Structure formats: C-alpha cells, structure tokens
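Chemist: Sharing a structure with you now.
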Amino acid sequence: MSLVADGVSAGYRGRRVLTDASLTVEAGETVGLRGPSGSGKSTLVRVLALLHAPETGHVILDGERITGTRHRVPASVRTRIGVLFQSPRASADPRLTLEQLIAEPLLAVRHPRDLIAGRVAELADRAGLTADLLARRPHAVSDGQLQRACLARALVHRPRHLLCDEATTMLDASTQALVASVIIGEQRATGMGVLVVSHDPALLERWADRVEDLTTVTRSH
Amino acid sequence: MTDLLEITGLTVRFRLRDAVVQAVTNLDLTVRRGELLAVVGESGCGKSVLAHALLGLLPANAGVTGRALITLPPAAGVARTSTDRTFVLPGGGERPGDRTVVLPGGGERPGDRTVVLPGGGERPGDRTFVLPGGGERPGDRTVDLLGCGETTLARQIRGRRIGLIPQSPATALTVVRKGRRLLAETLKQHGRDPRLADQVAAEAGLDPADLERYPFELSGGMAQRLCTALALASDPELLIADEPTSGLDRPLVDHTLDLLRRRCDEGAAVLLITHDLAAAERVADTVAVMYASRIVEHRPAADLFRAPAHPYSQGLLNALPDRDFRAIPGHPPMLTALPPGCAFAARCTRVTDACKVQPAGPVACHHPLTTAEVPA
C-alpha cells in the first residue's frame with residue numbers, strides 16, 4: 001500500500017508550477033511536506049488526490065498506475081484517497097448541513113442508506129461534533145467546527161491514504177491537536193498513510209515521521 | 001502610554017429563530033497607544049465578533065450593549081502638547097550617503113543578503129509621526145463606537161481612525177479593480193499622495209508589481225497583504241487585524257507581525273485577533289485569552305506565556321506542537337446554551353462547587369494556577 005508521485009510535472013493553462021516531483025507515502029507512515037509559498041505543494045496534493053492531471057509523470061496508487069482524474073477514475077479507486085483542504089469554507093457545500101456534508105461521499109457511491117447514519121454518527125463523535133452542530137449549515141458554525149466536519153467527511157470511506165493540505169493552519173492550537181489526534185488514531189487503526197503539508201516547522205517536527213522539502217523532491221530543469 | 005480605546009461591559013447577542021447566541025459577554029478591555037494587544041482563543045469563542053462590534057459591522061440580528069470609548073485627536077490635525085515627541089519614519093527611495101553592505105550567507109553563499117544602511121538627508125516618502133505625551137490634549141474628543149451611529153462610524157472612524165485587516169481578504173476586495181487602483185484611490189481619499197501606492201504595498205510585504213493584478217489573480221497571501229496595505233493607507237490610530245497571518249508562510253507571517261509591531265512602536269495601537277499563539281507570543285505586549293464569549297485571562301504577554309494562570313490558557317498552550325500537542329479534553333459549550341458559572345468548568349480538572357458562580361478579574365478563575373505548578 002503506497003501513494004506515489006512519480007516524476008510529476010503539472011501546471012495551469014500552460015503555466016508550469018511543479019516540475020518533476022517524486023514523493024512516496026507508504027502505508028502507516030506520516031510524511032511532512034514543506035516548501036515556500038507558490039512552490040507547488042497544493043498542486044502536488046491535487047495531483048495525488050486525482051483532482052488535477054499531471055502534464056508528465058504519474059500517480060501510482062497501491063502499485064497501480066492511475067490514468068485520468070476525477071470521475072474518470074473508478075469510485076472504488078478514488079475513495080481510497082481522502083483529502084483535507086486548507087479552507088473548510090471553500091470545500092463545503094453551503095446548502096448541506098454538517099451531517100449531510102459528512103454523509104455525501106457515501107451517498108455518491110450509493111452506499112446502503114441504513115448504514116450511513118451509523119457511520120456518520122461514529123465519525124462525528126470522533127471529530128467532537130455534537131448533534132446540535134450536525135444539524136447546522138456551514139454559515140452557522142466556526143471554521144474549526146467546519147474543518148472537523150470536513151475531517152469526518154475525509155475519513156468516511158476509510159481511505160488508505162489521507163492528504164492534509166495546510167489543513168490545520170487556520171485552527172487554534174487545541175483544535176489542531178484534536179484534528180491531528182483523530183488522524184493519528186485512524187492511522188493506528190487502519191494503517192492509513194498520511195501526507196501533511198504545512199508551513200509550521202514545529203508541527204511537522206512533532207507530527208511527521210519524516211519531512212520532505214518540495215525543493216528537494218523536484219528536479220529543476 | 002495613554003488609553004486609546006476603553007471597552008466596558010461589551011455584550012453581543014445574536015437572535016436566531018429559536019435561540020440566542022451569546023457571542024461576547026460583559027467584556028472589559030483597554031487598549032493604550034503603542035500597545036499591541038492580542039486576543040486569542042479557540043475558533044468560535046467570539047474574538048472576531050468583538051472586532052466587528054467595534055467597527056459596527058455586525059449583521060442586523062445582533063444586539064450590542066456596553067461602551068467602547070475611543071479618544072481621537074481634534075478633527076483638524078493633531079494638537080501638540082509639551083510632552084509630545086516627533087519621529088520621522090523613512091520612506092522608500094535613496095538618500096545621499098546610503099551605503100550598500102552584503103551580508104554573507106553560508107557555503108556557496110546562496111543566502112547572501114544585501115542591506116542598505118541609511119545615510120543622512122531626507123528621502124521621498126518620509127513620514128512624520130507625533131507620539132502623544134501623557135495627559136489630555138486640547139480638542140481631544142471621545143467617541144463611543146457602540147453608540148455613535150453608522151454615519152459617524154462610516155464618515156469618521158471606520159477605515160480612517162480604525163483600520164481593519166479583514167479575516168477573509170479574498171472576499172474583502174473589489175474584484176473588478178486592480179490593486180493599484182484600489183490602493184491609490186484609498187490613499188487619495190485619506191489626503192495622501194496616490195503615488196505612494198508602491199511604497200505602502202512594499203511596507204505591507206506586497207511586491208509593487210502585483211498591484212497590476214486583479215484581486216482574483218492574487219493568491220490568498222497576496223490578497224492578505226493588499227488588504228494590509230489598504231488598512232495602512234489611512235495611517236490609523238488603531239489597527240484591528242483579524243487573523244492577518246492565516247494562509248501566509250513563515251517568512252510572510254514574520255513580516256506581517258513585524259509590521260504590526262512597528263505600528264505600535266510608532267505610537268499607534270494594534271488589536272491582533274489570532275488563533276496563532278506563537279504569533280501572539282512574538283509581538284504582543286498584552287494578551288487576552290477568550291473562552292466561550294468571555295475574557296478569562298488578561299495579562300502581560302511575557303507573564304502569560306511563561307506561567308498561564310487560567311486552566312484554559314494552560315490547556316491552550318499545552319496543545320502547541322512544541323509543547324504537549326494534546327487537545328483540551330471535551331469541547332467548548334454552545335454559545336446558545338452557556339452554563340451558569342464558569343463556562344470552562346466542564347473541561348477543567350480543578351473544578352469545585354465554587355465554579356458554579358461566574359468568576360471575575362484579570363484571571364477569571366476560582367482556582368488559578370500558581371507559578372509553582374507550571375513547569376519552567
């Protein structure tokens with residue numbers, strides 16, 4: 001079990017932001033990724049999450065080379081990767097309650113409806129979301145509460161790989177520690193591999209098994 | 001330092017369909033000229049509501065009571081007193097006598113830095129500051145931010161005497177205008193030279209070349225710095241910075257914090273609202289820790305970070321990755337259903353019957369930690 005970026009170059013509309021990046025996250029390990037602003041960290045996460053097609057190179061998921069992105073990848077493959085983004089606001093549908101938000105990935109793959117409520121309740125409990133919060137929509141909760149719902153959503157498919165893109169940057173110290181502890185708990189239980197992208201050296205030092213610098217995992221041309 | 005802003009009994013309630021959100025409760029705070037006050041706490045504790053209440057930016061379902069008195073100099077310029085001091089801050093541009101020095105980096109010296117040492121003489125963009133001495137000055141006026149009404153806030157206070165660096169910079173900018181036009185227009189509005197746009201942008205850490213972009217072409221960090229530049233354009237007495245460092249990488253965080261610190265050293269006051277304890281520790285003079293709508297500890301920053309007295313402050317510090325990296329057990333109470341007495345009691349290890357009564361004071365706790373209980 002591993003998630004590998006193999007010589008990935010990527011960009012947007014012809015503007016290349018990432019050149020020949022290679023990175024491996026093995027099952028059960030936590031890899032920290034740092035790099036200056038604009039060095040392509042988020043782009044690498046989007047490529048690994050199968051959300052953005054690389055110009056060259058490949059994503060290799062559990063030994064299988066992936067072609068295509070988004071809905072062109074079978075759901076059974078896509079759901080092996082969970083993503084937690086930096087901005088919970090930008091990654092939450094404002095029309096859904098937090099409960100619907102967490103359940104949505106299960107509904108999207110036609111998970112048996114009678115099993116969904118139980119799974120949502122279990123994850124909401126681990127993320128510390130009370131019933132009152134679950135009934136609210138994003139505008140009526142704080143960033144920290146919304147990010148905890150996004151965390152529950154990211155884990156709802158029991159992903160083998162979790163990508164955290166600056167996912168705790170906007171959180172207070174206690175909520176950050178809570179999010180990290182939920183992820184570490186899931187990792188211990190399932191052997192999930194975790195990629196943590198962060199600017200915070202203290203956080204990476206504490207959380208990650210090893211820390212990679214994006215400027216060293218890319219080869220400049 | 002003289003008091004610039006005196007908040008007493010500030011209370012904010014939001015009326016929802018079936019509940020009342022107690023966002024800020026009976027808050028007392030004083031901000032002095034030259035002081036950097038950081039308000040820290042978990043998300044949803046009411047810190048941002050405090051900022052918005054002071055600027056009259058709350059939505060219509062908010063009820064605000066209390067007073068927030070700001071002392072402003074007379075409308076036409078600053079009246080001098082004998083204890084006032086004058087400072088000249090350097091602007092951009094070269095001046096006669098400037099010398100360039102290269103500071104060596106290590107190894108093949110990729111880290112070499114070039115520093116310009118100032119010579120004498122004036123340069124374009126130099127600004128003069130008057131630091132108020134003590135005592136009242138002729139013509140000082142006091143305005144209650146909570147009672148003066150929208151007209152006064154809009155015409156005299158917001159964006160003029162009080163600058164705001166908003167929490168979501170991307171949504172705070174006019175998307176159809178380039179940064180340069182936004183900034184030049186704002187400078188002009190405040191009686192300053194629109195040609196200073198480059199300099200003000202650079203002061204905020206934004207490459208002047210990025211002023212040629214539309215807001216939607218800016219990264220989150222760039223938009224943040226453009227908002228900072230806009231807030232600085234009026235040279236406000238009080239700068240309210242609502243999470244100004246979120247989304248910035250470490251060098252830019254440091255730059256922004258240094259900028260806020262410099263504002264204070266020039267005699268302005270800064271209210272820094274942040275969840276980033278490391279940021280608060282770096283630049284704040286005083287820190288107010290907020291929990292469930294109330295300030296639970298308000299002390300000099302050095303004292304608080306060395307020896308937090310409120311169990312909540314201690315828990316928050318212990319959650320830092322370079323300390324215990326352990327979350328405070330339990331969750332903050334709902335602001336729609338705050339318990340009577342101390343709101344932290346349910347999560348606190350020191351709780352007794354006394355905690356059923358709301359504690360008060362600079363350390364709002366019946367059982368504060370003594371310095372002996374805090375490991376050095």
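In the structure tokens, each chain is lettered A, B, ... as it comes, each chain's residues begin at 1, and ligands are numbered from 1 in order of appearance.
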Give me, as a Markdown table, the closest atom pair and its distance (Å, one decimal) for every residue of chain A within a cut-off of 9 Å of chain B, counting only C-alpha atoms, rows sorted by chain and rising number.
Modeler:
```
| residue | atom | partner | partner_atom | distance |
| --- | --- | --- | --- | --- |
| A:Gly35 | CA | B:Asp249 | CA | 9.0 |
| A:Pro36 | CA | B:Asp249 | CA | 6.9 |
| A:Ser37 | CA | B:Asp249 | CA | 6.2 |
| A:Gly38 | CA | B:Ser219 | CA | 8.7 |
| A:Gln86 | CA | B:Gly247 | CA | 8.3 |
| A:Gly128 | CA | B:His331 | CA | 7.0 |
| A:Leu129 | CA | B:His331 | CA | 8.6 |
| A:Asp132 | CA | B:Met334 | CA | 8.6 |
| A:Leu133 | CA | B:Met334 | CA | 8.9 |
| A:Val141 | CA | B:Gly44 | CA | 7.6 |
| A:Ser142 | CA | B:Gly44 | CA | 5.1 |
| A:Asp143 | CA | B:Ser43 | CA | 6.5 |
| A:Gly144 | CA | B:Ser43 | CA | 5.5 |
| A:Gln145 | CA | B:Ser43 | CA | 7.7 |
| A:Glu166 | CA | B:Gly247 | CA | 8.3 |
| A:Thr169 | CA | B:Ser246 | CA | 6.7 |
| A:Met170 | CA | B:Ser246 | CA | 5.8 |
| A:Leu171 | CA | B:His275 | CA | 6.7 |
| A:Asp172 | CA | B:His275 | CA | 4.7 |
| A:Ala173 | CA | B:Ala319 | CA | 5.4 |
| A:Ser174 | CA | B:Ala327 | CA | 4.5 |
| A:Thr175 | CA | B:Ala327 | CA | 6.6 |
| A:Gln176 | CA | B:Ala327 | CA | 7.7 |
| A:Ala177 | CA | B:Ala327 | CA | 4.9 |
| A:Leu178 | CA | B:Ala327 | CA | 5.1 |
| A:Val179 | CA | B:Ala327 | CA | 8.8 |
| A:Ala180 | CA | B:Phe325 | CA | 8.8 |
| A:Ser181 | CA | B:Arg326 | CA | 7.9 |
| A:Ser198 | CA | B:Asp249 | CA | 8.7 |
| A:His199 | CA | B:Asp249 | CA | 5.6 |
| A:Asp200 | CA | B:Arg250 | CA | 7.2 |
| A:Pro201 | CA | B:Arg250 | CA | 8.9 |
| A:Ala202 | CA | B:Asp322 | CA | 5.7 |
| A:Leu203 | CA | B:Pro321 | CA | 5.2 |
| A:Leu204 | CA | B:Pro321 | CA | 8.5 |
| A:Glu205 | CA | B:Pro321 | CA | 8.2 |
| A:Arg206 | CA | B:Pro321 | CA | 5.9 |
| A:Trp207 | CA | B:Pro321 | CA | 7.9 |
```
Chemist: Got a sec: who's within 12 Å of His52 of chain B, counting only C-alpha atoms, leaving out chain neighbours fewer than 6 positions off, as a compact mmCIF listing (two decimals) with N, CA and C atoms, in the first residue's frame?
Modeler:
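Done, and the output landed in selection16.txt:
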```txt
# COMPACT_ATOMS: atom_id res chain seq x y z
N VAL B 12 -22.53 41.14 23.21
CA VAL B 12 -23.14 40.97 21.89
C VAL B 12 -23.99 39.70 21.89
N ALA B 23 -22.44 35.79 22.02
CA ALA B 23 -21.16 35.83 21.32
C ALA B 23 -20.07 36.53 22.13
N VAL B 24 -20.43 37.63 22.79
CA VAL B 24 -19.48 38.35 23.65
C VAL B 24 -20.24 38.73 24.91
N GLY B 46 -15.71 34.01 19.95
CA GLY B 46 -16.23 35.37 19.92
C GLY B 46 -15.22 36.44 19.60
N LEU B 58 -21.57 44.34 12.46
CA LEU B 58 -22.34 43.14 12.79
C LEU B 58 -23.63 43.10 11.97
N PRO B 59 -24.14 41.90 11.71
CA PRO B 59 -25.40 41.80 10.96
C PRO B 59 -26.58 42.33 11.78
N ALA B 62 -27.93 41.28 15.40
CA ALA B 62 -27.06 41.40 16.57
C ALA B 62 -27.55 42.50 17.50
N VAL B 64 -26.14 44.82 20.59
CA VAL B 64 -24.88 45.19 21.23
C VAL B 64 -25.17 46.13 22.39
N LEU B 145 -17.91 54.08 20.22
CA LEU B 145 -18.08 53.34 18.97
C LEU B 145 -19.40 52.59 18.91
N LEU B 146 -19.91 52.23 20.08
CA LEU B 146 -21.12 51.42 20.09
C LEU B 146 -22.38 52.28 20.06
N ARG B 158 -14.37 54.29 10.68
CA ARG B 158 -14.02 53.04 10.00
C ARG B 158 -13.14 53.33 8.79
N ILE B 162 -9.75 53.84 12.61
CA ILE B 162 -9.57 52.42 12.89
C ILE B 162 -9.47 51.68 11.56
N GLY B 163 -8.34 51.05 11.33
CA GLY B 163 -8.16 50.26 10.12
C GLY B 163 -8.46 48.80 10.43
N LEU B 164 -8.98 48.10 9.45
CA LEU B 164 -9.27 46.68 9.66
C LEU B 164 -8.55 45.85 8.60
N ILE B 165 -7.79 44.88 9.07
CA ILE B 165 -7.28 43.85 8.15
C ILE B 165 -8.25 42.68 8.30
N PRO B 166 -9.10 42.47 7.29
CA PRO B 166 -10.19 41.51 7.47
C PRO B 166 -9.71 40.07 7.42
N GLN B 167 -10.55 39.19 7.95
CA GLN B 167 -10.18 37.79 8.06
C GLN B 167 -10.16 37.09 6.70
N ILE B 240 -7.07 47.06 13.65
CA ILE B 240 -7.62 45.79 14.09
C ILE B 240 -7.26 44.75 13.03
N ALA B 241 -6.48 43.77 13.44
CA ALA B 241 -6.02 42.76 12.49
C ALA B 241 -6.69 41.44 12.87
N ASP B 242 -7.62 41.00 12.00
CA ASP B 242 -8.38 39.80 12.30
C ASP B 242 -7.74 38.62 11.57
N LEU B 271 -4.93 45.87 17.71
CA LEU B 271 -5.71 44.79 18.31
C LEU B 271 -5.55 43.60 17.38
N ILE B 273 -6.23 39.91 16.49
CA ILE B 273 -7.12 38.80 16.79
C ILE B 273 -6.56 37.59 16.09
```
Chemist: How would you write, as a short mmCIF file (atom, residue, chain, number, x, y, z; two decimals) with N, CA and C atoms, in the first residue's frame, the set of residues in segment 1-53 of chain A that DSSP gives as alpha helix (DSSP H)?
Modeler:
```cif
data_model
loop_
_atom_site.label_atom_id
_atom_site.label_comp_id
_atom_site.auth_asym_id
_atom_site.auth_seq_id
_atom_site.Cartn_x
_atom_site.Cartn_y
_atom_site.Cartn_z
N LYS A 41 3.13 23.01 -3.69
CA LYS A 41 2.71 21.99 -2.71
C LYS A 41 1.25 21.60 -2.93
N SER A 42 0.40 22.61 -3.05
CA SER A 42 -1.02 22.32 -3.23
C SER A 42 -1.29 21.63 -4.56
N THR A 43 -0.51 22.00 -5.58
CA THR A 43 -0.67 21.35 -6.88
C THR A 43 -0.31 19.87 -6.78
N LEU A 44 0.76 19.58 -6.06
CA LEU A 44 1.15 18.18 -5.88
C LEU A 44 0.05 17.41 -5.15
N VAL A 45 -0.54 18.04 -4.14
CA VAL A 45 -1.64 17.40 -3.41
C VAL A 45 -2.81 17.14 -4.36
N ARG A 46 -3.12 18.12 -5.21
CA ARG A 46 -4.25 17.95 -6.14
C ARG A 46 -3.99 16.82 -7.14
N VAL A 47 -2.73 16.71 -7.55
CA VAL A 47 -2.38 15.61 -8.47
C VAL A 47 -2.51 14.27 -7.73
N LEU A 48 -1.98 14.20 -6.53
CA LEU A 48 -2.05 12.95 -5.76
C LEU A 48 -3.50 12.58 -5.43
#
```
Chemist: Quick one: residues within 10 Å of Val182 of chain A, only C-alpha atoms counted, chain neighbours fewer than 5 positions away excluded, as a list of chain:residue names?
Modeler: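 With the cut-off at 10 Å, the set is A:Leu123, A:Arg126, A:Ala127, A:Gly128, A:Arg148, A:Leu151, A:Ala152, A:Leu155, A:Ala177, A:Gln187, A:Arg188.
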Chemist: Restricting it to C-alpha atoms, dump the selection as a PDB file, in the first residue's frame.
Modeler:
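That gives us part-v8.pdb:
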```
ATOM      1  CA  LEU A 123     -17.152   9.895  12.793  1.00  0.00           C
ATOM      2  CA  ARG A 126     -14.643  11.174  16.951  1.00  0.00           C
ATOM      3  CA  ALA A 127     -14.388  14.676  15.468  1.00  0.00           C
ATOM      4  CA  GLY A 128     -16.185  16.061  18.508  1.00  0.00           C
ATOM      5  CA  ARG A 148     -13.769  18.973  11.965  1.00  0.00           C
ATOM      6  CA  LEU A 151     -12.183  15.735   8.624  1.00  0.00           C
ATOM      7  CA  ALA A 152     -15.073  13.358   9.333  1.00  0.00           C
ATOM      8  CA  LEU A 155     -12.393   9.654   6.704  1.00  0.00           C
ATOM      9  CA  ALA A 177      -4.113  18.956  18.285  1.00  0.00           C
ATOM     10  CA  GLN A 187      -3.867   5.704  11.171  1.00  0.00           C
ATOM     11  CA  ARG A 188      -3.137   3.352  14.072  1.00  0.00           C
TER      12      ARG A 188
END
```
Chemist: For Arg80 of chain A, list every protein, DNA or RNA residue within 10 Å, evaluated using only C-alpha atoms, and leave out those in the same chain fewer than 5 positions away; present the list as a list of chain:residue names.
Modeler: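 What passes the distance filter is A:Leu3, A:Ala49, A:Leu61, A:Asp62, A:Ala75, A:Leu155, A:His157, A:Arg158, A:Pro159, A:Arg160, A:His161, A:Leu162, A:Met192.
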Chemist: Take the residues from that selection and write them out as a short mmCIF file (atom, residue, chain, number, x, y, z; two decimals), in the first residue's frame, keeping N, CA and C atoms.
Modeler:
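Just written: selection.cif:
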```cif
data_model
loop_
_atom_site.label_atom_id
_atom_site.label_comp_id
_atom_site.auth_asym_id
_atom_site.auth_seq_id
_atom_site.Cartn_x
_atom_site.Cartn_y
_atom_site.Cartn_z
N LEU A 3 1.15 5.50 -1.83
CA LEU A 3 0.72 6.52 -2.78
C LEU A 3 2.00 7.21 -3.27
N ALA A 49 -4.35 13.60 -5.27
CA ALA A 49 -5.76 13.35 -4.95
C ALA A 49 -6.57 13.00 -6.20
N LEU A 61 -0.97 4.37 -7.35
CA LEU A 61 -1.76 4.14 -6.14
C LEU A 61 -1.78 2.64 -5.85
N ASP A 62 -1.23 2.27 -4.72
CA ASP A 62 -1.16 0.86 -4.31
C ASP A 62 -0.60 -0.01 -5.44
N ALA A 75 -14.83 4.90 -8.86
CA ALA A 75 -15.07 5.34 -7.48
C ALA A 75 -14.31 4.48 -6.48
N LEU A 155 -12.65 11.00 6.19
CA LEU A 155 -12.39 9.65 6.70
C LEU A 155 -13.56 8.71 6.47
N HIS A 157 -14.90 7.18 4.02
CA HIS A 157 -14.70 5.99 3.19
C HIS A 157 -13.57 5.10 3.71
N ARG A 158 -13.08 5.36 4.92
CA ARG A 158 -11.91 4.65 5.45
C ARG A 158 -10.77 4.64 4.41
N PRO A 159 -10.29 5.85 4.04
CA PRO A 159 -9.27 5.92 2.99
C PRO A 159 -7.97 5.24 3.41
N ARG A 160 -7.25 4.73 2.44
CA ARG A 160 -5.94 4.15 2.76
C ARG A 160 -4.87 5.24 2.80
N HIS A 161 -5.21 6.38 2.18
CA HIS A 161 -4.25 7.48 2.12
C HIS A 161 -4.99 8.77 2.42
N LEU A 162 -4.40 9.60 3.27
CA LEU A 162 -5.03 10.88 3.59
C LEU A 162 -4.05 12.01 3.27
N MET A 192 -3.42 3.71 7.67
CA MET A 192 -3.52 4.73 6.64
C MET A 192 -2.19 5.50 6.51
#
```
Chemist: For the strand (DSSP E or B) assignment from backbone DSSP, which residues of segment 17-135 of chain A qualify? Please present them as a list of chain:residue names.
Modeler: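 Taking segment 17-135 of chain A and keeping strand (DSSP E or B) only, one gets A:Val17, A:Leu18, A:Thr19, A:Asp20, A:Ala21, A:Ser22, A:Leu23, A:Thr24, A:Val25, A:Glu26, A:Thr30, A:Val31, A:Gly32, A:Leu33, A:Arg34, A:Thr56, A:Gly57, A:His58, A:Val59, A:Ile60, A:Leu61, A:Glu64, A:Arg65, A:Ile66, A:Ile81, A:Gly82, A:Val83, A:Leu84.
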Chemist: Save the residues we just selected, C-alpha atoms, as a PDB file, in the first residue's frame?
Modeler:
```
ATOM      1  CA  VAL A  17       4.211  25.313 -11.250  1.00  0.00           C
ATOM      2  CA  LEU A  18       5.623  21.892 -10.440  1.00  0.00           C
ATOM      3  CA  THR A  19       8.481  20.174 -12.232  1.00  0.00           C
ATOM      4  CA  ASP A  20       9.395  16.517 -11.945  1.00  0.00           C
ATOM      5  CA  ALA A  21       8.343  15.895  -8.354  1.00  0.00           C
ATOM      6  CA  SER A  22       8.663  12.429  -6.842  1.00  0.00           C
ATOM      7  CA  LEU A  23       7.291  11.504  -3.457  1.00  0.00           C
ATOM      8  CA  THR A  24       6.212   8.273  -1.789  1.00  0.00           C
ATOM      9  CA  VAL A  25       3.880   7.855   1.163  1.00  0.00           C
ATOM     10  CA  GLU A  26       3.867   4.287   2.470  1.00  0.00           C
ATOM     11  CA  THR A  30       3.232  10.216   8.111  1.00  0.00           C
ATOM     12  CA  VAL A  31       5.217  12.294   5.648  1.00  0.00           C
ATOM     13  CA  GLY A  32       5.567  16.036   6.167  1.00  0.00           C
ATOM     14  CA  LEU A  33       5.907  18.267   3.112  1.00  0.00           C
ATOM     15  CA  ARG A  34       7.127  21.816   3.293  1.00  0.00           C
ATOM     16  CA  THR A  56       4.083  14.418 -17.321  1.00  0.00           C
ATOM     17  CA  GLY A  57       4.672  11.690 -14.763  1.00  0.00           C
ATOM     18  CA  HIS A  58       2.160   9.510 -12.958  1.00  0.00           C
ATOM     19  CA  VAL A  59       0.387   8.834  -9.731  1.00  0.00           C
ATOM     20  CA  ILE A  60       0.878   5.231  -8.623  1.00  0.00           C
ATOM     21  CA  LEU A  61      -1.758   4.136  -6.144  1.00  0.00           C
ATOM     22  CA  GLU A  64      -1.289   0.632  -9.909  1.00  0.00           C
ATOM     23  CA  ARG A  65      -0.559   3.447 -12.316  1.00  0.00           C
ATOM     24  CA  ILE A  66      -3.589   5.743 -12.448  1.00  0.00           C
ATOM     25  CA  ILE A  81      -7.694   8.715  -1.051  1.00  0.00           C
ATOM     26  CA  GLY A  82      -9.080  11.220   1.432  1.00  0.00           C
ATOM     27  CA  VAL A  83      -8.278  14.934   1.279  1.00  0.00           C
ATOM     28  CA  LEU A  84      -8.486  17.642   3.894  1.00  0.00           C
TER      29      LEU A  84
END
```
Chemist: Find the residues near Val357 of chain B: any atom within 12 Å, counting only C-alpha atoms, skip ones fewer than 2 places away on the same chain, and give them as an MDAnalysis selection string.
Modeler: chainID B and resid 339:345 351:355 359:360 364:366
Chemist: So that I have them on file, write out the residues from the current selection with C-alpha atoms, as a PDB file, in the first residue's frame.
Modeler:
```
ATOM      1  CA  PRO B 339     -23.828  27.011  31.538  1.00  0.00           C
ATOM      2  CA  PRO B 340     -24.241  29.221  34.595  1.00  0.00           C
ATOM      3  CA  GLY B 341     -20.965  29.901  36.365  1.00  0.00           C
ATOM      4  CA  CYS B 342     -17.589  29.223  34.761  1.00  0.00           C
ATOM      5  CA  ALA B 343     -18.057  28.019  31.172  1.00  0.00           C
ATOM      6  CA  PHE B 344     -14.793  26.057  31.307  1.00  0.00           C
ATOM      7  CA  ALA B 345     -15.811  24.034  34.381  1.00  0.00           C
ATOM      8  CA  VAL B 351     -13.417  22.274  39.222  1.00  0.00           C
ATOM      9  CA  THR B 352     -15.195  22.605  42.596  1.00  0.00           C
ATOM     10  CA  ASP B 353     -18.603  23.829  43.752  1.00  0.00           C
ATOM     11  CA  ALA B 354     -17.235  27.373  43.733  1.00  0.00           C
ATOM     12  CA  CYS B 355     -17.152  27.228  39.917  1.00  0.00           C
ATOM     13  CA  PRO B 359     -15.554  34.194  38.317  1.00  0.00           C
ATOM     14  CA  ALA B 360     -14.268  37.702  37.549  1.00  0.00           C
ATOM     15  CA  ALA B 364     -11.352  34.763  35.752  1.00  0.00           C
ATOM     16  CA  CYS B 365     -10.893  31.553  37.729  1.00  0.00           C
ATOM     17  CA  HIS B 366     -11.682  30.450  41.277  1.00  0.00           C
TER      18      HIS B 366
END
```
Chemist: Residues near Arg33 of chain B, anyone? I mean within 8 Å using only C-alpha atoms, not counting same-chain ones fewer than 5 positions away, as a list in words.
Modeler: Met1, Thr2, Asp3, Leu4, Glu237, Cys264, Gly267, Ala268 and Ala269 of chain B
Chemist: I need the residues from that last selection saved to file as a tab-separated table (two decimals), in the first residue's frame (with C-alpha atoms), if you can.
Modeler:
```tsv
chain	number	residue	atom	x	y	z
B	1	MET	CA	1.13	55.26	27.25
B	2	THR	CA	-2.29	56.82	27.21
B	3	ASP	CA	-5.55	54.98	26.78
B	4	LEU	CA	-6.82	54.98	23.23
B	237	GLU	CA	-4.60	55.21	15.30
B	264	CYS	CA	2.83	50.12	17.79
B	267	GLY	CA	2.61	55.12	18.63
B	268	ALA	CA	-0.44	53.50	17.04
B	269	ALA	CA	-2.31	50.69	18.77
```
Chemist: Which residue gives the smallest distance to Gly9 of chain B among B:Arg263, B:Arg181, B:Arg67, B:Arg347, with only C-alpha atoms counted?
Modeler: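 Under the stated criterion, the closest residue is B:Arg67.
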Chemist: Nearest to Gly118 of chain A among A:Leu98, A:Val156, A:Ile183, A:Ala90, with distances taken over only C-alpha atoms: which residue is it?
Modeler: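 Under the stated criterion, the closest residue is A:Val156.
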Chemist: Record the distance separating atom CA of Asp144 of chain B and atom CA of Leu338 of chain B, expressed in Å with one decimal.
Modeler: 28.5 Å
Chemist: For each of B:Val20, B:Leu335, B:Ala209, B:Leu259, take the minimum atom-to-atom distance to Tyr291 of chain B, counting only C-alpha atoms, then give the residue where this is smallest.
Modeler: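 So, comparing all the options, the nearest one is B:Leu335.
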Chemist: So that I can see what lies close to Arg89 of chain A, please list as a PyMOL selection string the residues with an atom at most 9 Å from it, counting only C-alpha atoms and leaving out residues fewer than 6 positions away in the same chain.
Modeler: chain A and resi 138-139+143+146-147
Chemist: Please produce a file of those selected residues containing C-alpha atoms, as a PDB file, in the first residue's frame.
Modeler:
```
ATOM      1  CA  PRO A 138     -21.664  25.848   7.318  1.00  0.00           C
ATOM      2  CA  HIS A 139     -22.539  29.544   7.754  1.00  0.00           C
ATOM      3  CA  ASP A 143     -14.013  27.437  10.829  1.00  0.00           C
ATOM      4  CA  LEU A 146     -16.430  23.117   9.894  1.00  0.00           C
ATOM      5  CA  GLN A 147     -12.929  21.720   9.460  1.00  0.00           C
TER       6      GLN A 147
END
```
Chemist: Which residue is closest to Arg195 of chain B? Choose from B:Met222, B:Leu183, B:Leu232, B:Ala346 and count only C-alpha atoms.
Modeler: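 Checking each candidate against Arg195 of chain B, we get B:Leu183 as the closest.
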Chemist: Expressed in Å to a single decimal, how great is the separation between atom CA of Asp285 of chain B and atom CA of Ala229 of chain B?
Modeler: 23.1 Å
Chemist: Could you check how far atom CA of Pro368 of chain B sits from atom CA of Pro308 of chain B, in Å to one decimal?
Modeler: 8.8 Å
